[in-house]
>>> print(open('protein-v3.txt').read())   # compact mmCIF, C-alpha atoms and all ligand atoms
# COMPACT_ATOMS: atom_id res chain seq x y z
CA MET H 1 107.32 -49.34 -6.97
CA LEU H 2 109.14 -46.02 -7.29
CA GLY H 3 109.24 -43.18 -4.76
CA TRP H 4 107.81 -39.76 -5.68
CA ARG H 5 110.99 -38.24 -7.06
CA ASP H 6 111.96 -41.19 -9.27
CA LEU H 7 108.40 -41.62 -10.46
CA TYR H 8 108.20 -37.95 -11.43
CA GLU H 9 111.54 -38.12 -13.26
CA GLN H 10 110.53 -41.25 -15.15
CA CYS H 11 107.24 -39.69 -16.18
CA ASN H 12 108.89 -36.41 -17.14
CA SER H 13 111.25 -38.17 -19.54
CA CYS H 14 108.57 -40.59 -20.84
CA GLY H 15 108.29 -41.13 -24.58
CA LYS H 16 106.18 -44.31 -24.50
CA CYS H 17 103.45 -42.83 -26.70
CA SER H 18 103.14 -40.05 -29.24
CA LEU H 19 101.41 -37.68 -26.78
CA SER H 20 104.88 -36.97 -25.41
CA LYS H 21 105.89 -35.29 -28.67
CA ASN H 22 103.55 -32.32 -28.38
CA ARG H 23 103.51 -31.69 -24.65
CA LYS H 24 104.72 -28.45 -23.13
CA ASN H 25 104.71 -30.05 -19.68
CA ILE H 26 103.73 -33.34 -18.19
CA VAL H 27 100.81 -32.94 -15.78
CA PHE H 28 101.82 -35.29 -13.03
CA GLY H 29 99.50 -34.53 -10.10
CA ASP H 30 98.87 -32.02 -7.36
CA GLY H 31 97.66 -31.78 -3.78
CA ASN H 32 98.35 -33.60 -0.53
CA LEU H 33 100.59 -36.63 -1.14
CA LYS H 34 99.04 -38.36 1.87
CA ALA H 35 95.43 -37.42 1.23
CA ALA H 36 92.50 -39.68 2.07
CA ILE H 37 90.79 -38.76 -1.23
CA MET H 38 92.25 -39.06 -4.70
CA PHE H 39 90.48 -37.58 -7.74
CA ILE H 40 91.39 -38.97 -11.15
CA GLY H 41 90.49 -37.26 -14.41
CA GLU H 42 91.15 -38.09 -18.04
CA ALA H 43 94.03 -36.06 -19.44
CA PRO H 44 95.30 -32.48 -19.33
CA GLY H 45 93.79 -29.71 -21.43
CA ALA H 46 95.54 -26.62 -22.79
CA ASP H 47 95.73 -24.72 -19.48
CA GLU H 48 97.05 -27.76 -17.65
CA ASP H 49 99.64 -28.45 -20.37
CA GLU H 50 100.76 -24.82 -20.11
CA GLN H 51 101.02 -24.78 -16.30
CA GLY H 52 101.97 -28.42 -15.62
CA LYS H 53 99.12 -28.72 -13.07
CA PRO H 54 95.89 -30.73 -13.26
CA PHE H 55 92.42 -29.19 -13.28
CA VAL H 56 93.39 -25.52 -13.40
CA GLY H 57 91.26 -24.61 -16.47
CA LYS H 58 87.54 -23.88 -16.64
CA ALA H 59 86.41 -27.42 -15.69
CA GLY H 60 89.00 -27.60 -12.93
CA GLN H 61 87.86 -24.30 -11.48
CA LEU H 62 84.28 -25.54 -11.36
CA LEU H 63 85.39 -28.70 -9.55
CA THR H 64 87.52 -26.71 -7.11
CA LYS H 65 84.57 -24.42 -6.38
CA GLY H 66 82.28 -27.37 -5.60
CA LEU H 67 84.85 -29.04 -3.39
CA THR H 68 85.70 -25.81 -1.58
CA ALA H 69 81.99 -25.37 -0.79
CA LEU H 70 82.20 -28.76 0.97
CA ASN H 71 85.36 -27.66 2.76
CA LEU H 72 87.57 -29.99 0.75
CA ILE H 73 90.77 -28.11 -0.08
CA ARG H 74 93.34 -29.32 -2.64
CA ASP H 75 96.57 -28.90 -0.71
CA ARG H 76 95.05 -30.18 2.50
CA ASP H 77 92.40 -32.81 1.75
CA TYR H 78 92.94 -34.41 -1.64
CA TYR H 79 95.36 -35.41 -4.35
CA ILE H 80 94.34 -34.94 -7.98
CA CYS H 81 95.79 -36.30 -11.19
CA ASN H 82 94.82 -37.86 -14.51
CA ILE H 83 94.91 -41.18 -16.33
CA CYS H 84 97.15 -39.64 -19.02
CA LYS H 85 99.91 -37.26 -18.05
CA CYS H 86 100.21 -35.56 -21.45
CA ARG H 87 97.64 -33.53 -23.38
CA PRO H 88 95.96 -35.19 -26.38
CA GLU H 89 95.74 -32.79 -29.33
CA ASN H 90 92.46 -30.84 -29.51
CA ASN H 91 91.50 -32.42 -26.16
CA ARG H 92 90.39 -35.63 -27.83
CA THR H 93 89.74 -38.69 -25.65
CA PRO H 94 92.98 -40.64 -25.19
CA TYR H 95 93.32 -43.85 -27.21
CA ASP H 96 93.45 -47.20 -25.37
CA GLU H 97 97.11 -47.58 -26.29
CA GLU H 98 97.88 -44.23 -24.61
CA THR H 99 95.96 -44.97 -21.42
CA GLU H 100 97.52 -48.44 -21.18
CA ARG H 101 101.04 -47.03 -21.40
CA CYS H 102 100.32 -44.32 -18.85
CA LEU H 103 98.40 -46.40 -16.29
CA PRO H 104 101.50 -47.81 -14.53
CA TYR H 105 102.36 -44.23 -13.42
CA LEU H 106 98.88 -43.83 -11.96
CA ARG H 107 99.04 -47.22 -10.19
CA ASN H 108 102.32 -46.16 -8.61
CA GLN H 109 100.77 -42.83 -7.53
CA VAL H 110 97.82 -44.64 -5.92
CA ALA H 111 100.21 -46.97 -4.10
CA LEU H 112 102.16 -43.98 -2.76
CA VAL H 113 99.18 -41.86 -1.69
CA LYS H 114 97.22 -44.85 -0.30
CA PRO H 115 93.91 -42.95 -0.30
CA LYS H 116 90.79 -44.34 1.34
CA ILE H 117 88.57 -42.94 -1.44
CA ILE H 118 89.18 -42.85 -5.19
CA VAL H 119 86.92 -40.65 -7.32
CA CYS H 120 86.85 -41.22 -11.08
CA LEU H 121 85.96 -38.03 -12.93
CA GLY H 122 84.25 -39.04 -16.15
CA ALA H 123 83.99 -42.12 -18.32
CA THR H 124 87.66 -42.51 -19.26
CA ALA H 125 88.79 -42.69 -15.63
CA MET H 126 85.81 -44.87 -14.68
CA LYS H 127 86.37 -47.39 -17.49
CA ASN H 128 90.09 -47.65 -16.84
CA ILE H 129 89.81 -47.91 -13.07
CA ILE H 130 86.48 -49.58 -12.32
CA ASN H 131 85.03 -51.48 -15.25
CA LYS H 132 85.14 -50.92 -18.99
CA ASP H 133 81.49 -51.99 -19.28
CA TRP H 134 80.21 -49.34 -16.88
CA LYS H 135 78.27 -46.40 -18.26
CA ILE H 136 78.71 -43.04 -16.61
CA THR H 137 75.04 -42.01 -16.74
CA ARG H 138 73.92 -45.38 -15.33
CA ASP H 139 76.70 -46.16 -12.87
CA ARG H 140 77.87 -42.83 -11.45
CA GLY H 141 77.29 -42.42 -7.73
CA LYS H 142 77.72 -46.15 -6.88
CA TRP H 143 80.37 -47.13 -4.37
CA ILE H 144 82.49 -50.21 -4.91
CA GLU H 145 85.08 -51.59 -2.50
CA ARG H 146 88.27 -52.96 -3.99
CA LYS H 147 91.67 -53.70 -2.43
CA GLY H 148 90.76 -51.55 0.57
CA TYR H 149 89.74 -48.55 -1.54
CA SER H 150 86.22 -47.12 -1.69
CA ILE H 151 85.78 -46.15 -5.33
CA ILE H 152 83.10 -44.05 -7.04
CA ALA H 153 82.62 -42.36 -10.42
CA THR H 154 80.92 -39.09 -11.20
CA PHE H 155 80.63 -36.88 -14.26
CA HIS H 156 83.69 -35.11 -15.55
CA PRO H 157 83.22 -31.43 -14.62
CA ALA H 158 83.66 -30.46 -18.31
CA ALA H 159 80.45 -32.42 -19.07
CA LEU H 160 78.49 -29.96 -16.91
CA PHE H 161 79.15 -27.16 -19.38
CA ARG H 162 77.70 -29.25 -22.19
CA ASP H 163 74.64 -30.39 -20.23
CA GLU H 164 73.41 -28.24 -17.35
CA SER H 165 71.05 -30.98 -16.14
CA LYS H 166 74.07 -32.97 -14.92
CA LYS H 167 74.98 -30.29 -12.37
CA GLN H 168 72.52 -31.46 -9.75
CA LEU H 169 73.67 -35.10 -9.92
CA PHE H 170 77.30 -34.02 -9.83
CA TRP H 171 76.63 -31.95 -6.71
CA GLN H 172 74.78 -34.90 -5.15
CA ASP H 173 77.84 -37.11 -5.86
CA LEU H 174 80.24 -34.58 -4.30
CA LYS H 175 78.09 -34.46 -1.14
CA ASN H 176 78.00 -38.27 -1.08
CA ILE H 177 81.82 -38.30 -1.29
CA ARG H 178 82.10 -35.78 1.53
CA GLN H 179 79.82 -37.97 3.67
CA LYS H 180 81.88 -41.10 2.97
CA TYR H 181 85.02 -39.17 3.82
CA ASP H 182 83.57 -38.13 7.18
CA GLU H 183 82.51 -41.72 7.95
CA LEU H 184 85.92 -43.19 7.06
CA ILE H 185 87.94 -40.52 8.81
CA ASN H 186 85.91 -40.76 12.01
CA LYS H 187 86.19 -44.54 11.96
CA SER H 188 89.98 -44.46 11.71
CA GLU H 189 90.41 -41.91 14.52
N1 LIG G 201 90.34 -32.46 -17.73
C1 LIG G 201 90.94 -33.52 -17.17
O1 LIG G 201 90.48 -34.66 -17.26
N2 LIG G 201 92.06 -33.30 -16.49
C2 LIG G 201 92.60 -32.09 -16.32
O2 LIG G 201 93.62 -31.99 -15.67
C3 LIG G 201 91.93 -31.01 -16.91
C4 LIG G 201 90.80 -31.21 -17.61
>>> encode(input="protein-v3.txt", output="structure tokens", more="lines below")
Ligand code: URA
Amino acid sequence: MLGWRDLYEQCNSCGKCSLSKNRKNIVFGDGNLKAAIMFIGEAPGADEDEQGKPFVGKAGQLLTKGLTALNLIRDRDYYICNICKCRPENNRTPYDEETERCLPYLRNQVALVKPKIIVCLGATAMKNIINKDWKITRDRGKWIERKGYSIIATFHPAALFRDESKKQLFWQDLKNIRQKYDELINKSE
């Protein structure tokens, strides 16, 4: 396992898949390195590629707004990153070969942060982290316990722009996550 600096350097010079060829920046991760909650998305979009930070575009702003309303603040309460650290062209879903090559960076990040809660944002994160046979519409909102982590999946915030009816379930999931966070934090104090 690498420390933060070495891991970042290795990722920043990565050429293990073709996504590295078109990136402006890697999008490594952001937030509190010792947070109790870790959010994991799919891959950077154009704004993230430009700025080198995850979830800063339209979908990210919607997520940040929801979390802020629950008093969950990025630099203080959570760490956020993606399965893939480089942007796929036209924001397509990453191929299995790309996620497989990038996953060791994520595993190292999880081992360094040691969160109590892992939130998968969307199907790509859910399938790679929880179970490839899970379906986001059927299985979102369910907690599983694995290796000491409480893990849950919810919709990717970008999906809410395509289908307004998902907003209510997404909000329900965020409140559920906040509740779990309160339970786990109080228990460990
Ligand atoms: N979508 C993602 O999955 N990740 C980002 O960082 C931005 C949009």
>>> atom_distance(input="protein-v3.txt", atom1="atom CA of H:Arg107", atom2="atom CA of H:Ile37")
14.8 Å
>>> closest_residue(input="protein-v3.txt", among="H:Phe28, H:Val119, H:Ala153, H:Cys81", to="H:Arg5", atoms="only C-alpha atoms")
H:Phe28
>>> closest_residue(input="protein-v3.txt", among="H:Thr154, H:Asn176, H:Thr124, H:Gln109", to="H:Leu33", atoms="all atoms listed in the file")
H:Gln109
>>> atom_distance(input="protein-v3.txt", atom1="atom CA of H:Cys120", atom2="atom CA of H:Ser18")
24.4 Å
>>> atom_distance(input="protein-v3.txt", atom1="atom CA of H:Leu106", atom2="atom CA of H:Arg162")
27.7 Å
>>> residues_near_ligand(input="protein-v3.txt", ligand="ligand LIG 201 (chain G)", cutoff="8 Å", atoms="all atoms listed in the file", output="number ranges by chain")
H: 27, 40-45, 47-48, 53-57, 59-60, 81-83, 121-122, 156-158
>>> residues_around(input="protein-v3.txt", residues="stretch 134-147 of chain H", least_positions_apart="4", cutoff="9 Å", atoms="all atoms listed in the file", output="JSON list (two decimals) with C-alpha atoms, keeping the file's coordinate frame")
[["chain", "number", "residue", "atom", "x", "y", "z"],
["H", 122, "GLY", "CA", 84.25, -39.04, -16.15],
["H", 123, "ALA", "CA", 83.99, -42.12, -18.32],
["H", 126, "MET", "CA", 85.81, -44.87, -14.68],
["H", 127, "LYS", "CA", 86.37, -47.39, -17.49],
["H", 130, "ILE", "CA", 86.48, -49.58, -12.32],
["H", 151, "ILE", "CA", 85.78, -46.15, -5.33],
["H", 152, "ILE", "CA", 83.10, -44.05, -7.04],
["H", 153, "ALA", "CA", 82.62, -42.36, -10.42],
["H", 154, "THR", "CA", 80.92, -39.09, -11.20],
["H", 155, "PHE", "CA", 80.63, -36.88, -14.26],
["H", 169, "LEU", "CA", 73.67, -35.10, -9.92],
["H", 170, "PHE", "CA", 77.30, -34.02, -9.83],
["H", 172, "GLN", "CA", 74.78, -34.90, -5.15],
["H", 173, "ASP", "CA", 77.84, -37.11, -5.86],
["H", 176, "ASN", "CA", 78.00, -38.27, -1.08],
["H", 177, "ILE", "CA", 81.82, -38.30, -1.29]]
>>> residues_around(input="protein-v3.txt", residues="H:Val110", least_positions_apart="2", cutoff="12 Å", atoms="only C-alpha atoms", output="PyMOL selection string")
chain H and resi 1-4+7+29+33-40+79-83+103-108+112-119+129+147-149
>>> residues_around(input="protein-v3.txt", residues="stretch 66-72 of chain H", least_positions_apart="3", cutoff="9 Å", atoms="only C-alpha atoms", output="count of residues only")
10
>>> closest_residue(input="protein-v3.txt", among="H:Gln51, H:Thr64, H:Thr99, H:Ser150", to="H:Arg23", atoms="only C-alpha atoms")
H:Gln51
>>> closest_residue(input="protein-v3.txt", among="H:Gln10, H:Asn25, H:Asn32, H:Gln179", to="H:Asp75", atoms="all atoms listed in the file")
H:Asn32
>>> axis_aligned_box(input="protein-v3.txt", around="stretch 35-52 of chain H", padding_each_side="3 Å", output="lines of an AutoDock Vina configuration file")
center_x = 96.2
center_y = -32.2
center_z = -10.4
size_x = 17.5
size_y = 21.0
size_z = 30.9
>>> closest_residue(input="protein-v3.txt", among="H:Cys86, H:Ala159, H:Ile185, H:Cys102", to="H:Glu50", atoms="only C-alpha atoms")
H:Cys86
>>> build_atoms(input="protein-v3.txt", residues="stretch 40-51 of chain H", atoms="all heavy atoms", output="PDB file, in the coordinates of the input")
ATOM      1  N   ILE H  40      90.679 -38.602  -9.921  1.00  0.00           N
ATOM      2  CA  ILE H  40      91.390 -38.970 -11.150  1.00  0.00           C
ATOM      3  C   ILE H  40      90.564 -38.563 -12.366  1.00  0.00           C
ATOM      4  O   ILE H  40      89.416 -38.994 -12.533  1.00  0.00           O
ATOM      5  CB  ILE H  40      91.687 -40.490 -11.167  1.00  0.00           C
ATOM      6  CG1 ILE H  40      92.507 -40.868  -9.918  1.00  0.00           C
ATOM      7  CG2 ILE H  40      92.425 -40.873 -12.450  1.00  0.00           C
ATOM      8  CD1 ILE H  40      92.720 -42.347  -9.712  1.00  0.00           C
ATOM      9  N   GLY H  41      91.148 -37.717 -13.194  1.00  0.00           N
ATOM     10  CA  GLY H  41      90.490 -37.260 -14.410  1.00  0.00           C
ATOM     11  C   GLY H  41      90.993 -38.015 -15.621  1.00  0.00           C
ATOM     12  O   GLY H  41      91.543 -39.124 -15.503  1.00  0.00           O
ATOM     13  N   GLU H  42      90.811 -37.405 -16.783  1.00  0.00           N
ATOM     14  CA  GLU H  42      91.150 -38.090 -18.040  1.00  0.00           C
ATOM     15  C   GLU H  42      92.554 -37.743 -18.511  1.00  0.00           C
ATOM     16  O   GLU H  42      93.455 -38.588 -18.512  1.00  0.00           O
ATOM     17  CB  GLU H  42      90.104 -37.674 -19.086  1.00  0.00           C
ATOM     18  CG  GLU H  42      90.333 -38.256 -20.449  1.00  0.00           C
ATOM     19  CD  GLU H  42      89.216 -37.850 -21.418  1.00  0.00           C
ATOM     20  OE1 GLU H  42      88.061 -38.237 -21.203  1.00  0.00           O
ATOM     21  OE2 GLU H  42      89.515 -37.133 -22.383  1.00  0.00           O
ATOM     22  N   ALA H  43      92.741 -36.504 -18.899  1.00  0.00           N
ATOM     23  CA  ALA H  43      94.030 -36.060 -19.440  1.00  0.00           C
ATOM     24  C   ALA H  43      94.050 -34.536 -19.396  1.00  0.00           C
ATOM     25  O   ALA H  43      92.993 -33.904 -19.373  1.00  0.00           O
ATOM     26  CB  ALA H  43      94.175 -36.537 -20.886  1.00  0.00           C
ATOM     27  N   PRO H  44      95.234 -33.940 -19.399  1.00  0.00           N
ATOM     28  CA  PRO H  44      95.300 -32.480 -19.330  1.00  0.00           C
ATOM     29  C   PRO H  44      94.710 -31.800 -20.552  1.00  0.00           C
ATOM     30  O   PRO H  44      94.724 -32.353 -21.654  1.00  0.00           O
ATOM     31  CB  PRO H  44      96.806 -32.187 -19.267  1.00  0.00           C
ATOM     32  CG  PRO H  44      97.510 -33.493 -19.182  1.00  0.00           C
ATOM     33  CD  PRO H  44      96.555 -34.581 -19.458  1.00  0.00           C
ATOM     34  N   GLY H  45      94.197 -30.586 -20.335  1.00  0.00           N
ATOM     35  CA  GLY H  45      93.790 -29.710 -21.430  1.00  0.00           C
ATOM     36  C   GLY H  45      94.880 -28.665 -21.664  1.00  0.00           C
ATOM     37  O   GLY H  45      95.993 -28.781 -21.128  1.00  0.00           O
ATOM     38  N   ALA H  46      94.536 -27.625 -22.412  1.00  0.00           N
ATOM     39  CA  ALA H  46      95.540 -26.620 -22.790  1.00  0.00           C
ATOM     40  C   ALA H  46      96.108 -25.882 -21.575  1.00  0.00           C
ATOM     41  O   ALA H  46      97.321 -25.679 -21.471  1.00  0.00           O
ATOM     42  CB  ALA H  46      94.910 -25.625 -23.754  1.00  0.00           C
ATOM     43  N   ASP H  47      95.245 -25.470 -20.647  1.00  0.00           N
ATOM     44  CA  ASP H  47      95.730 -24.720 -19.480  1.00  0.00           C
ATOM     45  C   ASP H  47      96.644 -25.576 -18.613  1.00  0.00           C
ATOM     46  O   ASP H  47      97.658 -25.113 -18.091  1.00  0.00           O
ATOM     47  CB  ASP H  47      94.553 -24.237 -18.616  1.00  0.00           C
ATOM     48  CG  ASP H  47      93.692 -23.234 -19.347  1.00  0.00           C
ATOM     49  OD1 ASP H  47      94.242 -22.255 -19.869  1.00  0.00           O
ATOM     50  OD2 ASP H  47      92.467 -23.445 -19.420  1.00  0.00           O
ATOM     51  N   GLU H  48      96.264 -26.842 -18.473  1.00  0.00           N
ATOM     52  CA  GLU H  48      97.050 -27.760 -17.650  1.00  0.00           C
ATOM     53  C   GLU H  48      98.408 -28.032 -18.294  1.00  0.00           C
ATOM     54  O   GLU H  48      99.445 -28.044 -17.621  1.00  0.00           O
ATOM     55  CB  GLU H  48      96.281 -29.084 -17.462  1.00  0.00           C
ATOM     56  CG  GLU H  48      95.033 -28.970 -16.579  1.00  0.00           C
ATOM     57  CD  GLU H  48      93.816 -28.355 -17.267  1.00  0.00           C
ATOM     58  OE1 GLU H  48      93.794 -28.306 -18.511  1.00  0.00           O
ATOM     59  OE2 GLU H  48      92.888 -27.934 -16.528  1.00  0.00           O
ATOM     60  N   ASP H  49      98.403 -28.222 -19.618  1.00  0.00           N
ATOM     61  CA  ASP H  49      99.640 -28.450 -20.370  1.00  0.00           C
ATOM     62  C   ASP H  49     100.587 -27.246 -20.215  1.00  0.00           C
ATOM     63  O   ASP H  49     101.803 -27.389 -20.041  1.00  0.00           O
ATOM     64  CB  ASP H  49      99.274 -28.664 -21.845  1.00  0.00           C
ATOM     65  CG  ASP H  49     100.465 -28.908 -22.731  1.00  0.00           C
ATOM     66  OD1 ASP H  49     101.296 -29.790 -22.404  1.00  0.00           O
ATOM     67  OD2 ASP H  49     100.586 -28.216 -23.770  1.00  0.00           O
ATOM     68  N   GLU H  50      99.994 -26.074 -20.236  1.00  0.00           N
ATOM     69  CA  GLU H  50     100.760 -24.820 -20.110  1.00  0.00           C
ATOM     70  C   GLU H  50     101.386 -24.705 -18.710  1.00  0.00           C
ATOM     71  O   GLU H  50     102.547 -24.374 -18.563  1.00  0.00           O
ATOM     72  CB  GLU H  50      99.774 -23.669 -20.337  1.00  0.00           C
ATOM     73  CG  GLU H  50     100.361 -22.317 -20.600  1.00  0.00           C
ATOM     74  CD  GLU H  50     101.035 -22.228 -21.958  1.00  0.00           C
ATOM     75  OE1 GLU H  50     100.446 -22.619 -22.980  1.00  0.00           O
ATOM     76  OE2 GLU H  50     102.172 -21.760 -21.964  1.00  0.00           O
ATOM     77  N   GLN H  51     100.569 -25.014 -17.684  1.00  0.00           N
ATOM     78  CA  GLN H  51     101.020 -24.780 -16.300  1.00  0.00           C
ATOM     79  C   GLN H  51     101.635 -26.011 -15.631  1.00  0.00           C
ATOM     80  O   GLN H  51     102.216 -25.908 -14.556  1.00  0.00           O
ATOM     81  CB  GLN H  51      99.838 -24.324 -15.436  1.00  0.00           C
ATOM     82  CG  GLN H  51      99.250 -22.994 -15.869  1.00  0.00           C
ATOM     83  CD  GLN H  51      98.089 -22.567 -14.980  1.00  0.00           C
ATOM     84  OE1 GLN H  51      98.132 -22.701 -13.759  1.00  0.00           O
ATOM     85  NE2 GLN H  51      97.030 -22.061 -15.588  1.00  0.00           N
TER      86      GLN H  51
END
